[in-house]
Amino acid sequence: VIDMQVLSFVSSLLAATSSKTRLCQGTYDVEECAASEAALLVGERNAKNVSGTWMKATRRAMSLVELAEAGDTPDAVARLRDTGVIDCLRAGFPSDQWQRSLAALSACVDCLVLNWLERGERFDDLAAQTTLFDAAIFEQRGFVELDDPDLTALARHEPIVTHRANLRQALDAYTSLDVPGCDDDLANHIANELRQQNLLPKIKQSDETTTKDDGKKKIAKDPWAGLGKTFF
């Protein structure tokens, strides 16, 4: 029996070094998980009704005793919707262990941010639905609170976005290597992804359009201009 426990413990340590797993703060193993796993914390309805990517954080077993006590339920989960909104943050710790909850949720958020960036998506297109409890996690990572969230999203069965990502603020945060709950290696990885986007030319919106034929700029015309002169 002891041999099997040892084998299982060693296997778990080897799994923690796989490329799929992100180690955060040396305490949690974070990896993508199925909606069925997330449902253990958020419920079946919340887990399976929306298409997205789930991350789960599980405290690393540092001894055979901890390994034996570990169950199937993750310590925390968070979701990145396909629309670019992070929501549904849940932790499985008692309310008096809120610090452990924040650490586990922070680990999930960092890995979802990295997941978004590695897809080649613009960081500024990322958003979050937060609560009073977890809002600080996003603000420490360069997300800016909205003054006037769109409450009509409820009628559309969409999340109420409370924070939006800001590239410059996020780059400053991750470059400082002082983001709570994020280990230095992961912070550097995210910062490098952000730097690549910071070097890209910004897209400027204008009322002017350029034709491919002669390269000359033409002012976009209002198709309704002049109707007042016609009828009045």
# chains A, B, ... in the order shown; residues from 1 in each chain; ligands from 1

$ select_by_dssp --residues "range 45-223 of chain A" --states "helix (DSSP H, G or I)" --output "ChimeraX atom specification"
/A:45-48,64-69,95-118,123-125,135-139,151-154,167-175,184-198

$ residues_around --residues "range 179-187 of chain A" --least-positions-apart "3" --cutoff "12 Å" --atoms "only C-alpha atoms" --output "JSON, numbers by chain"
{"A": [21, 22, 23, 24, 25, 26, 27, 28, 29, 30, 57, 99, 100, 101, 102, 103, 104, 105, 106, 107, 108, 109, 110, 111, 112, 113, 114, 115, 136, 137, 138, 139, 140, 141, 142, 169, 170, 171, 172, 173, 174, 175, 176, 190, 191, 192, 193, 194]}

$ residues_around --residues "Val50 in chain A" --least-positions-apart "6" --cutoff "10 Å" --atoms "only C-alpha atoms" --output "list of chain:residue names"
A:Ala35, A:Arg79, A:Leu80, A:Arg81, A:Asp82, A:Glu158
